[in-house]
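S.K.: Structure file input-v2.txt (compact mmCIF, C-alpha atoms) right here:
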# COMPACT_ATOMS: atom_id res chain seq x y z
CA MET A 1 0.00 0.00 0.00
CA ALA A 2 1.34 3.47 -0.87
CA ARG A 3 2.63 5.38 2.13
CA TRP A 4 0.25 8.31 1.58
CA LEU A 5 -2.76 5.95 1.58
CA ARG A 6 -2.10 4.48 5.02
CA PRO A 7 -3.19 7.50 7.08
CA LEU A 8 -6.32 7.82 4.93
CA VAL A 9 -7.27 4.17 5.35
CA GLY A 10 -6.59 4.31 9.10
CA ALA A 11 -8.66 7.46 9.45
CA LEU A 12 -11.58 5.87 7.61
CA LEU A 13 -11.42 2.89 9.94
CA LEU A 14 -11.74 5.24 12.91
CA LEU A 15 -14.48 7.50 11.55
CA GLU A 16 -17.35 5.34 12.71
CA GLY A 17 -16.17 5.62 16.32
CA ALA A 18 -16.18 9.42 16.45
CA ALA A 19 -18.53 9.65 19.41
CA ALA A 20 -19.32 13.01 20.97
CA LEU A 21 -16.42 14.16 23.18
CA SER A 22 -16.11 17.18 25.43
CA PHE A 23 -13.80 19.63 23.70
CA LEU A 24 -12.99 21.79 26.70
CA HIS A 25 -9.93 22.87 28.63
CA HIS A 26 -9.67 20.84 31.83
CA ARG A 27 -8.34 22.32 35.06
CA TYR A 28 -6.69 19.90 37.50
CA GLU A 29 -9.89 18.76 39.26
CA GLU A 30 -11.66 18.37 35.91
CA LEU A 31 -8.73 16.39 34.52
CA VAL A 32 -8.85 14.00 37.47
CA GLN A 33 -12.60 13.59 37.03
CA ALA A 34 -12.16 12.87 33.32
CA LEU A 35 -9.57 10.16 34.00
CA PHE A 36 -11.70 8.46 36.65
CA ARG A 37 -14.74 8.67 34.36
CA VAL A 38 -12.85 6.73 31.68
CA GLN A 39 -11.72 4.20 34.28
CA SER A 40 -15.31 3.69 35.45
CA GLN A 41 -16.50 3.20 31.86
CA CYS A 42 -13.79 0.65 31.04
CA PRO A 43 -12.93 -0.88 34.43
CA TYR A 44 -11.62 -4.19 33.08
CA VAL A 45 -8.98 -2.71 30.77
CA THR A 46 -7.89 0.42 32.68
CA ARG A 47 -6.10 1.41 35.86
CA ILE A 48 -5.25 4.80 37.36
CA TYR A 49 -2.09 5.28 39.39
CA SER A 50 0.01 8.20 40.57
CA ILE A 51 3.78 8.31 40.09
CA GLY A 52 4.22 11.10 42.64
CA ARG A 53 3.24 14.68 43.38
CA SER A 54 4.11 18.10 42.01
CA VAL A 55 5.74 20.87 44.04
CA GLU A 56 2.27 22.05 45.14
CA GLY A 57 1.09 18.54 45.93
CA ARG A 58 -0.94 17.66 42.84
CA HIS A 59 -0.85 14.01 41.80
CA LEU A 60 0.93 13.07 38.59
CA TYR A 61 -1.73 10.64 37.41
CA VAL A 62 -1.29 7.97 34.75
CA LEU A 63 -4.12 6.09 33.04
CA GLU A 64 -3.14 2.59 31.93
CA PHE A 65 -4.83 0.54 29.21
CA SER A 66 -4.23 -3.22 29.18
CA ASP A 67 -6.19 -6.46 29.11
CA TYR A 68 -4.49 -7.16 32.47
CA PRO A 69 -4.18 -3.72 34.12
CA GLY A 70 -1.37 -3.46 36.63
CA ILE A 71 0.44 -6.54 35.33
CA HIS A 72 3.34 -6.80 32.92
CA GLU A 73 2.73 -9.71 30.57
CA PRO A 74 5.87 -11.29 29.10
CA LEU A 75 6.45 -10.25 25.47
CA GLU A 76 3.86 -7.45 25.71
CA PRO A 77 5.62 -4.10 25.17
CA GLU A 78 5.13 -1.06 27.40
CA PHE A 79 4.29 2.29 25.75
CA LYS A 80 3.85 5.79 27.21
CA TYR A 81 2.57 9.24 26.29
CA VAL A 82 3.51 12.27 28.44
CA GLY A 83 1.73 15.61 28.01
CA ASN A 84 1.88 19.14 29.41
CA MET A 85 5.54 19.01 30.48
CA HIS A 86 5.55 22.75 29.89
CA GLY A 87 2.51 24.00 31.78
CA ASN A 88 1.43 26.51 29.14
CA GLU A 89 1.65 24.02 26.25
CA VAL A 90 -1.77 22.56 26.74
CA LEU A 91 -2.90 20.87 23.53
CA GLY A 92 -1.11 17.61 24.36
CA ARG A 93 -2.91 17.50 27.71
CA GLU A 94 -6.32 17.78 26.04
CA LEU A 95 -5.41 15.36 23.23
CA LEU A 96 -4.38 12.69 25.72
CA LEU A 97 -7.69 13.05 27.56
CA GLN A 98 -9.50 12.74 24.24
CA LEU A 99 -7.37 9.72 23.34
CA SER A 100 -8.22 8.07 26.64
CA GLU A 101 -11.94 8.51 26.07
CA PHE A 102 -11.57 7.35 22.49
CA LEU A 103 -9.70 4.15 23.35
CA CYS A 104 -12.33 3.29 25.95
CA GLU A 105 -15.24 3.97 23.62
CA GLU A 106 -13.71 2.05 20.74
CA TYR A 107 -12.98 -0.90 22.99
CA ARG A 108 -16.55 -0.93 24.29
CA ARG A 109 -17.97 -0.90 20.78
CA GLY A 110 -15.73 -3.82 19.74
CA SER A 111 -13.34 -2.06 17.36
CA GLU A 112 -11.00 -4.78 16.12
CA ARG A 113 -8.07 -2.41 15.75
CA ILE A 114 -8.32 -0.84 19.21
CA THR A 115 -9.15 -4.13 20.92
CA ARG A 116 -6.05 -5.73 19.42
CA LEU A 117 -3.96 -2.71 20.40
CA ILE A 118 -5.09 -2.84 24.04
CA HIS A 119 -4.71 -6.63 24.24
CA ASP A 120 -1.21 -6.59 22.73
CA THR A 121 0.19 -3.41 24.33
CA ARG A 122 0.38 -1.97 27.83
CA ILE A 123 -0.34 1.73 27.25
CA HIS A 124 0.44 4.40 29.87
CA ILE A 125 -1.01 7.90 29.40
CA MET A 126 0.09 10.84 31.58
CA PRO A 127 -1.92 13.90 30.49
CA SER A 128 0.03 16.36 32.66
CA MET A 129 3.57 16.23 33.98
CA ASN A 130 3.35 19.85 35.13
CA PRO A 131 -0.10 20.43 36.68
CA ASP A 132 1.16 23.39 38.76
CA GLY A 133 2.40 25.27 35.71
CA TYR A 134 -0.84 24.54 33.89
CA GLU A 135 -2.89 26.19 36.64
CA VAL A 136 -0.81 29.37 36.29
CA ALA A 137 -1.28 29.38 32.52
CA ALA A 138 -4.99 28.57 32.76
CA LYS A 139 -5.62 31.58 35.00
CA GLN A 140 -4.37 33.77 32.15
CA GLY A 141 -6.53 31.91 29.64
CA PRO A 142 -5.97 31.39 25.90
CA ASP A 143 -6.39 35.06 24.94
CA SER A 144 -3.90 36.73 27.27
CA ASN A 145 -1.49 33.88 28.01
CA GLY A 146 2.10 34.95 27.70
CA TYR A 147 4.65 32.89 25.81
CA LEU A 148 6.33 31.83 29.07
CA THR A 149 3.49 32.17 31.57
CA GLY A 150 3.12 28.82 33.34
CA ARG A 151 5.87 27.14 31.32
CA ASN A 152 7.94 26.19 34.39
CA ASN A 153 6.92 24.30 37.51
CA ALA A 154 6.04 26.01 40.81
CA ASN A 155 9.74 26.41 41.62
CA GLY A 156 10.31 28.27 38.36
CA VAL A 157 12.24 25.38 36.75
CA ASP A 158 11.89 24.25 33.14
CA LEU A 159 11.30 20.51 33.52
CA ASN A 160 12.66 19.79 30.04
CA ARG A 161 16.02 21.22 31.12
CA ASN A 162 16.06 19.39 34.45
CA PHE A 163 17.10 15.79 33.76
CA PRO A 164 20.67 14.60 34.49
CA ASP A 165 22.97 15.57 31.63
CA LEU A 166 23.84 12.16 30.24
CA ASN A 167 24.69 13.59 26.80
CA THR A 168 27.91 15.13 28.09
CA LEU A 169 28.88 11.82 29.69
CA MET A 170 28.00 10.02 26.46
CA TYR A 171 30.10 12.32 24.28
CA TYR A 172 33.07 11.87 26.60
CA SER A 173 32.50 8.12 26.68
CA ARG A 174 32.37 8.02 22.89
CA GLU A 175 35.84 9.54 22.68
CA ILE A 176 37.19 6.61 24.66
CA SER A 177 35.00 4.04 22.83
CA GLY A 178 32.68 3.71 25.82
CA PRO A 179 28.95 2.93 25.82
CA ASN A 180 26.10 5.25 24.83
CA HIS A 181 23.40 3.27 26.57
CA HIS A 182 22.32 2.69 30.19
CA ILE A 183 24.69 5.39 31.35
CA PRO A 184 24.71 5.46 35.18
CA LEU A 185 23.34 8.52 36.94
CA PRO A 186 25.62 10.88 38.88
CA ASP A 187 25.77 10.15 42.62
CA ASN A 188 24.05 13.41 43.59
CA TRP A 189 21.39 13.44 40.86
CA LYS A 190 18.38 13.43 43.22
CA SER A 191 19.41 16.73 44.77
CA GLN A 192 19.59 18.36 41.34
CA VAL A 193 16.11 17.58 40.01
CA GLU A 194 12.58 18.79 40.73
CA PRO A 195 9.88 16.57 42.33
CA GLU A 196 8.17 16.09 38.97
CA THR A 197 11.43 15.09 37.29
CA LEU A 198 12.32 12.75 40.15
CA ALA A 199 8.93 11.07 39.87
CA VAL A 200 9.32 10.54 36.12
CA ILE A 201 12.85 9.13 36.46
CA GLN A 202 11.68 6.66 39.10
CA TRP A 203 8.68 5.82 36.89
CA ILE A 204 10.70 5.03 33.78
CA SER A 205 13.15 3.06 35.90
CA SER A 206 10.30 0.86 37.18
CA TYR A 207 8.75 -0.02 33.80
CA ASN A 208 10.54 -1.45 30.81
CA PHE A 209 9.18 1.12 28.35
CA VAL A 210 9.93 0.46 24.69
CA LEU A 211 8.50 3.49 22.89
CA SER A 212 7.32 6.92 24.01
CA ALA A 213 6.40 10.43 22.94
CA ASN A 214 6.13 13.64 24.90
CA LEU A 215 3.70 16.28 23.64
CA HIS A 216 4.55 19.99 23.37
CA GLY A 217 3.36 23.12 21.57
CA GLY A 218 4.72 26.21 19.85
CA ALA A 219 5.58 24.50 16.55
CA VAL A 220 4.29 21.64 14.40
CA VAL A 221 6.99 19.01 13.92
CA ALA A 222 8.07 15.55 15.12
CA ASN A 223 11.46 15.93 16.77
CA TYR A 224 13.83 13.01 17.41
CA PRO A 225 17.17 12.53 19.28
CA TYR A 226 19.72 13.69 19.87
CA ASP A 227 18.44 16.99 21.21
CA LYS A 228 21.87 18.11 22.36
CA SER A 229 24.80 18.59 20.01
CA GLN A 230 28.34 17.94 21.15
CA ASP A 231 29.39 21.53 20.47
CA GLN A 232 26.54 23.71 21.72
CA ARG A 233 28.13 27.09 21.17
CA PHE A 234 30.69 28.43 18.75
CA ARG A 235 32.13 31.93 19.24
CA SER A 236 29.22 32.86 21.53
CA HIS A 237 26.63 32.01 18.89
CA ARG A 238 24.29 29.03 18.92
CA ARG A 239 25.42 26.42 16.46
CA THR A 240 22.90 23.93 15.13
CA VAL A 241 24.42 20.65 14.02
CA ASN A 242 22.61 17.49 13.00
CA THR A 243 23.45 15.04 15.78
CA PRO A 244 22.17 11.55 14.98
CA THR A 245 21.91 8.58 17.30
CA PRO A 246 23.06 5.10 16.21
CA ASP A 247 19.34 4.49 15.56
CA ASP A 248 18.91 7.57 13.38
CA LYS A 249 17.08 5.87 10.49
CA LEU A 250 14.70 4.18 12.90
CA PHE A 251 13.99 7.47 14.67
CA GLN A 252 13.28 9.15 11.32
CA LYS A 253 10.80 6.40 10.51
CA LEU A 254 9.08 6.77 13.88
CA ALA A 255 8.82 10.54 13.43
CA LYS A 256 7.45 10.17 9.90
CA THR A 257 4.85 7.72 11.12
CA TYR A 258 3.37 10.51 13.21
CA SER A 259 3.89 13.36 10.75
CA TYR A 260 2.32 11.53 7.78
CA ALA A 261 -0.63 10.30 9.83
CA HIS A 262 -1.20 13.89 11.00
CA SER A 263 -3.44 16.04 8.84
CA TRP A 264 -0.83 18.67 7.99
CA MET A 265 2.42 18.12 9.93
CA HIS A 266 4.03 16.26 7.01
CA ARG A 267 3.58 19.22 4.65
CA GLY A 268 6.55 20.91 6.32
CA TRP A 269 5.43 24.56 6.30
CA ASN A 270 3.95 25.36 9.70
CA CYS A 271 4.16 28.30 12.11
CA GLY A 272 6.55 30.14 9.80
CA ASP A 273 9.07 27.27 9.83
CA TYR A 274 9.83 24.55 7.30
CA PHE A 275 10.77 20.99 8.24
CA ALA A 276 11.07 18.44 5.43
CA ASP A 277 8.49 15.69 5.94
CA GLY A 278 7.44 17.46 9.14
CA ILE A 279 10.34 15.99 11.13
CA THR A 280 13.66 17.21 12.51
CA ASN A 281 16.67 16.05 14.43
CA GLY A 282 16.48 17.95 17.72
CA ALA A 283 20.02 19.33 17.72
CA SER A 284 19.68 20.29 14.07
CA TRP A 285 16.77 22.56 15.09
CA TYR A 286 18.37 23.89 18.28
CA SER A 287 20.55 22.26 20.90
CA LEU A 288 18.82 21.43 24.17
CA SER A 289 20.60 20.26 27.31
CA LYS A 290 19.16 17.99 30.05
CA GLY A 291 16.06 17.10 28.06
CA MET A 292 13.74 14.17 28.73
CA GLN A 293 13.92 12.76 25.20
CA ASP A 294 17.66 12.10 25.20
CA PHE A 295 17.53 10.93 28.81
CA ASN A 296 15.13 8.13 27.87
CA TYR A 297 17.45 6.90 25.12
CA LEU A 298 20.66 7.12 27.13
CA TYR A 299 19.39 5.75 30.44
CA THR A 300 16.63 3.27 29.59
CA ASN A 301 15.49 0.93 26.82
CA CYS A 302 12.92 3.51 25.68
CA PHE A 303 12.96 5.26 22.31
CA GLU A 304 11.26 8.64 22.74
CA ILE A 305 10.41 11.44 20.33
CA THR A 306 9.02 14.93 21.01
CA LEU A 307 5.83 16.01 19.25
CA GLU A 308 5.31 19.75 18.74
CA LEU A 309 1.61 19.92 17.90
CA SER A 310 0.37 23.50 17.55
CA CYS A 311 1.59 26.98 16.70
CA ASN A 312 -0.58 28.33 19.51
CA LYS A 313 0.59 26.96 22.83
CA PHE A 314 -2.82 27.52 24.45
CA PRO A 315 -5.35 27.16 21.62
CA PRO A 316 -8.93 28.34 22.20
CA GLU A 317 -11.58 25.72 22.95
CA GLU A 318 -13.21 26.17 19.55
CA ASP A 319 -10.00 24.85 17.95
CA LEU A 320 -9.74 21.69 20.07
CA GLU A 321 -12.04 19.52 17.95
CA ARG A 322 -10.15 20.35 14.75
CA GLN A 323 -6.86 19.55 16.49
CA TRP A 324 -8.22 16.25 17.78
CA MET A 325 -9.33 15.19 14.31
CA ALA A 326 -5.89 16.15 12.95
CA ASN A 327 -4.02 14.11 15.59
CA ARG A 328 -6.32 11.16 16.29
CA GLU A 329 -5.01 8.73 13.69
CA ALA A 330 -1.41 9.79 14.35
CA LEU A 331 -1.74 9.12 18.08
CA VAL A 332 -3.02 5.59 17.43
CA ALA A 333 -0.58 4.85 14.59
CA PHE A 334 2.39 5.86 16.71
CA ILE A 335 1.41 3.45 19.49
CA GLU A 336 1.30 0.68 16.88
CA GLU A 337 4.95 1.39 16.04
CA VAL A 338 5.94 -0.37 19.29
CA HIS A 339 5.24 -3.65 17.47
CA GLN A 340 8.24 -3.87 15.15
CA GLY A 341 11.77 -5.24 15.20
CA ILE A 342 12.50 -8.28 17.35
CA LYS A 343 11.41 -9.47 20.76
CA GLY A 344 11.83 -12.62 22.80
CA MET A 345 12.85 -14.26 26.05
CA VAL A 346 16.35 -14.60 27.45
CA SER A 347 16.45 -17.62 29.73
CA ASP A 348 18.84 -20.11 31.28
CA GLU A 349 18.95 -23.85 30.60
CA ASN A 350 16.09 -24.38 33.08
CA ASN A 351 13.89 -21.82 31.25
CA ASN A 352 14.22 -19.26 34.02
CA GLY A 353 14.15 -15.69 32.70
CA ILE A 354 17.39 -13.73 32.93
CA ALA A 355 16.89 -10.08 33.87
CA GLY A 356 19.34 -7.46 32.68
CA ALA A 357 20.70 -9.52 29.78
CA VAL A 358 22.31 -7.30 27.15
CA ILE A 359 20.95 -7.43 23.58
CA SER A 360 23.47 -6.16 21.03
CA VAL A 361 22.86 -5.66 17.32
CA GLN A 362 25.89 -5.79 15.06
CA GLY A 363 26.42 -2.46 13.31
CA ILE A 364 24.24 -0.46 15.75
CA SER A 365 26.21 0.70 18.77
CA HIS A 366 23.29 0.98 21.16
CA ASP A 367 22.29 -1.95 23.36
CA ILE A 368 19.09 -2.68 25.26
CA THR A 369 18.51 -5.03 28.18
CA SER A 370 15.94 -7.64 29.13
CA GLY A 371 13.30 -6.87 31.74
CA ASP A 372 12.65 -8.46 35.11
CA MET A 373 11.00 -11.50 33.52
CA GLY A 374 13.73 -11.96 30.93
CA ASP A 375 11.74 -10.57 28.00
CA TYR A 376 13.28 -7.97 25.69
CA PHE A 377 12.12 -5.69 22.88
CA ARG A 378 14.45 -4.25 20.27
CA LEU A 379 12.93 -1.82 17.74
CA LEU A 380 14.51 -2.31 14.31
CA LEU A 381 13.79 -1.45 10.69
CA PRO A 382 13.16 -4.31 8.23
CA GLY A 383 16.36 -6.12 7.35
CA THR A 384 18.71 -8.93 8.38
CA TYR A 385 20.60 -8.55 11.65
CA THR A 386 23.19 -10.36 13.72
CA VAL A 387 22.05 -10.21 17.33
CA THR A 388 23.91 -11.27 20.48
CA ALA A 389 22.49 -11.87 23.96
CA SER A 390 24.92 -11.85 26.88
CA ALA A 391 24.65 -11.91 30.65
CA GLU A 392 27.11 -12.16 33.50
CA GLY A 393 27.85 -15.78 34.33
CA TYR A 394 26.58 -17.09 30.98
CA GLN A 395 28.07 -17.82 27.60
CA PRO A 396 26.94 -15.25 25.00
CA LEU A 397 24.79 -16.48 22.13
CA THR A 398 24.66 -14.96 18.64
CA VAL A 399 21.98 -15.50 16.00
CA THR A 400 21.08 -14.04 12.62
CA THR A 401 17.48 -13.03 12.06
CA THR A 402 15.40 -11.24 9.45
CA VAL A 403 12.95 -8.51 10.42
CA GLY A 404 9.90 -7.95 8.24
CA PRO A 405 7.74 -4.84 7.80
CA ALA A 406 4.83 -6.12 9.89
CA ALA A 407 4.86 -7.88 13.27
CA PRO A 408 8.11 -8.22 15.24
CA SER A 409 10.22 -11.34 14.76
CA LEU A 410 10.29 -13.67 17.74
CA VAL A 411 13.89 -14.48 18.71
CA HIS A 412 14.51 -16.36 21.97
CA PHE A 413 17.90 -16.87 23.62
CA GLN A 414 18.69 -19.76 25.97
CA LEU A 415 22.07 -19.10 27.55
CA LYS A 416 24.36 -21.71 29.00
CA GLN A 417 26.21 -21.04 32.19
CA GLU A 418 29.92 -20.41 31.90
CA VAL A 419 32.06 -23.36 32.93
CA VAL A 420 33.77 -22.49 36.19
CA ARG A 421 36.71 -24.69 37.12
CA LYS A 422 36.90 -26.04 40.64
CA PRO A 423 39.49 -24.51 42.99
CA ALA A 424 41.55 -27.71 42.93
CA GLU A 425 41.72 -27.60 39.12
CA ARG A 426 42.74 -23.95 39.18
CA LYS A 427 45.41 -24.74 41.78
CA ALA A 428 46.77 -27.67 39.77
CA SER A 429 46.81 -25.55 36.61
CA GLY A 430 48.63 -22.82 38.46
CA THR A 431 51.19 -25.35 39.70
CA ARG A 432 51.82 -26.59 36.18
CA MET A 433 52.30 -23.03 34.98
CA ASN A 434 54.71 -22.30 37.80
CA ASN A 435 56.67 -25.47 37.01
CA LYS A 436 56.95 -24.46 33.37
CA ALA A 437 58.16 -21.02 34.37
CA LEU A 438 60.64 -22.59 36.73
CA GLN A 439 61.88 -24.95 34.00
CA LYS A 440 62.46 -22.03 31.68
CA LYS A 441 64.48 -20.36 34.38
CA VAL A 442 66.81 -23.31 35.07
CA VAL A 443 67.15 -25.02 31.69
CA PRO A 444 70.31 -23.92 29.80
CA ARG A 445 69.77 -21.60 26.80
CA ALA A 446 70.95 -24.16 24.21
CA THR A 447 68.61 -26.81 25.54
CA ARG A 448 65.69 -24.37 25.43
CA ARG A 449 66.40 -23.63 21.78
CA GLY A 450 66.50 -27.31 20.98
CA THR A 451 63.21 -27.90 22.76
CA GLN A 452 61.58 -25.05 20.88
CA ARG A 453 62.59 -26.51 17.54
Turn this file's structure into structure tokens for me.

M.R.:
Amino acid sequence: MARWLRPLVGALLLLEGAAALSFLHHRYEELVQALFRVQSQCPYVTRIYSIGRSVEGRHLYVLEFSDYPGIHEPLEPEFKYVGNMHGNEVLGRELLLQLSEFLCEEYRRGSERITRLIHDTRIHIMPSMNPDGYEVAAKQGPDSNGYLTGRNNANGVDLNRNFPDLNTLMYYSREISGPNHHIPLPDNWKSQVEPETLAVIQWISSYNFVLSANLHGGAVVANYPYDKSQDQRFRSHRRTVNTPTPDDKLFQKLAKTYSYAHSWMHRGWNCGDYFADGITNGASWYSLSKGMQDFNYLYTNCFEITLELSCNKFPPEEDLERQWMANREALVAFIEEVHQGIKGMVSDENNNGIAGAVISVQGISHDITSGDMGDYFRLLLPGTYTVTASAEGYQPLTVTTTVGPAAPSLVHFQLKQEVVRKPAERKASGTRMNNKALQKKVVPRATRRGTQR
């Protein structure tokens, strides 16, 4: 099927389910009510939980969709959407509430596509990461809201400049051929981040997320890592340099999935800017330090992109329905992208899952690890790959597999334990080595030459 036809076909499949939704701006109490209303309408496939509280004590709520809410099923990938990170960029917040209602309604009416998506994916939706900032922006309203009013949290901190700076560590590590994945956090990181940032870091450390997007406003473009260039400034002027990850082609595909399913993002000309295909490398646009997008890629198994969704950061209510119709298919299509590449179980010879096993793909210098149950998910483009699974105390195992354009390939690894010699054997071996060394020391030079020949 032609690429331009896919969004059209997907949109037609969703048209029948366009039930009446409330296109309103939701203050904190109204947001909470909306989430619990969805949960009450779809109690068997949803769960609400809080990952923590904001500076002013508001819960950071997440709505989960799954056929087994609250449970990670082996080989079922985890996906997340995060909205309203900047308090005055509100469209993502409203879109995620609309998406939550839509998923519930479509599931109740028996939509094959949405039912399959919920049964095969564990979806986590956080409409607002910065509820305190939103309340400041909402008091101003859409008409008089300033460009920065409510952007930061209650402590005046930009949350998308508040994550530990793993990019700098990665660039240094790259110079000495070190890793660019699962980079450890600095010892004092907790004292350097805000409560909202701390909650998100602990959240993404607790779930083995595979794919994610965070929703912003002020432009219309799908932005992918890296956000931070290695050389941020040159002679006191900002220098924009395309800074690709080892998974650059995959990230471009993920970004295009959203932009081409969106009604107009893919056209490129929006808000006075032009982005080919409606996508951009973050650092190529402008370099951003301590951002959440790069942090996901460098610290976890999660591949995250940033979606800039509207020229107006706080669009009026009369524009919300048009924006929902423009983004609805893209929001669903992007979740479906979590089902590509390879996945499988890493286990020992007794079929016990091995947590923390490293999955390496030849030619792509970015590894991922298996989850607590031993299952792993590695997003990849179609092609043939050489993949190695390794874990401490086990012999590594390498296989070659082919990835198709549809469902992920199932590749399991059963690792054998490394053979550990008994202490007596090691002692005997050491004695033999010492004897050989001793012989070399006492045997005359001529005799040694004769022995060598």

S.K.: I'd like the interatomic distance between CA of Pro142 (chain A) and CA of Leu309 (chain A), to a tenth of an Å.

M.R.: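 Computed distance, CA of Pro142 (chain A) to CA of Leu309 (chain A), equals 15.9 Å.
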
S.K.: I want to know what sits within 6 Å of region 405-414 of chain A, based on all atoms listed in the file, with residues of the same chain fewer than 6 positions away left out; could you give that as a list of chain:residue names?

M.R.: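 The filter keeps A:His339, A:Gln340, A:Gly341, A:Ile342, A:Lys343, A:Gly344, A:Met345, A:Val346, A:Ser347, A:Asp348, A:Pro382.
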
S.K.: Which one is closest to Asp132 (chain A): A:Tyr61, A:Tyr28, A:Phe209, A:Tyr81? Count all atoms listed in the file.

M.R.: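 Using all atoms listed in the file, Asp132 (chain A) sits closest to A:Tyr28.
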
S.K.: Using 12 Å as the limit and counting all atoms listed in the file, can you tabulate each residue of region 195-265 of chain A that touches region 64-73 of chain A, with its shortest atom-to-atom distance in Å and the two atoms involved, as a Markdown table?

M.R.:
| residue | atom | partner | partner_atom | distance |
| --- | --- | --- | --- | --- |
| A:Ser206 | CA | A:His72 | CA | 11.2 |
| A:Tyr207 | CA | A:His72 | CA | 8.7 |
| A:Asn208 | CA | A:His72 | CA | 9.2 |
| A:Phe209 | CA | A:His72 | CA | 10.8 |

S.K.: In Å to one decimal, how far is CA of Tyr286 (chain A) from CA of Tyr224 (chain A)?

M.R.: 11.8 Å

S.K.: Within 6 Å of Val62 (chain A), counting all atoms listed in the file, which residues show up once you throw out same-chain ones fewer than 3 positions away? Write them as an mmCIF file with C-alpha atoms, in the coordinates of the input, please.

M.R.:
data_model
loop_
_atom_site.group_PDB
_atom_site.id
_atom_site.type_symbol
_atom_site.label_atom_id
_atom_site.label_comp_id
_atom_site.auth_asym_id
_atom_site.auth_seq_id
_atom_site.Cartn_x
_atom_site.Cartn_y
_atom_site.Cartn_z
ATOM 1 C CA ILE A 48 -5.250 4.800 37.360
ATOM 2 C CA TYR A 49 -2.090 5.280 39.390
ATOM 3 C CA SER A 50 0.010 8.200 40.570
ATOM 4 C CA ILE A 125 -1.010 7.900 29.400
ATOM 5 C CA MET A 126 0.090 10.840 31.580
#

S.K.: What's the 8 Å shell around Ala333 (chain A), counting only C-alpha atoms, without same-chain residues fewer than 5 positions away, as a PDB file with C-alpha atoms, in the frame of the given file?

M.R.:
ATOM      1  CA  THR A 257       4.850   7.720  11.120  1.00  0.00           C
ATOM      2  CA  TYR A 258       3.370  10.510  13.210  1.00  0.00           C
ATOM      3  CA  ALA A 261      -0.630  10.300   9.830  1.00  0.00           C
TER       4      ALA A 261
END

S.K.: Just how far from CA of Phe79 (chain A) is CA of Ile335 (chain A), in Å to one decimal?

M.R.: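 Between these atoms lies a distance of 7.0 Å.
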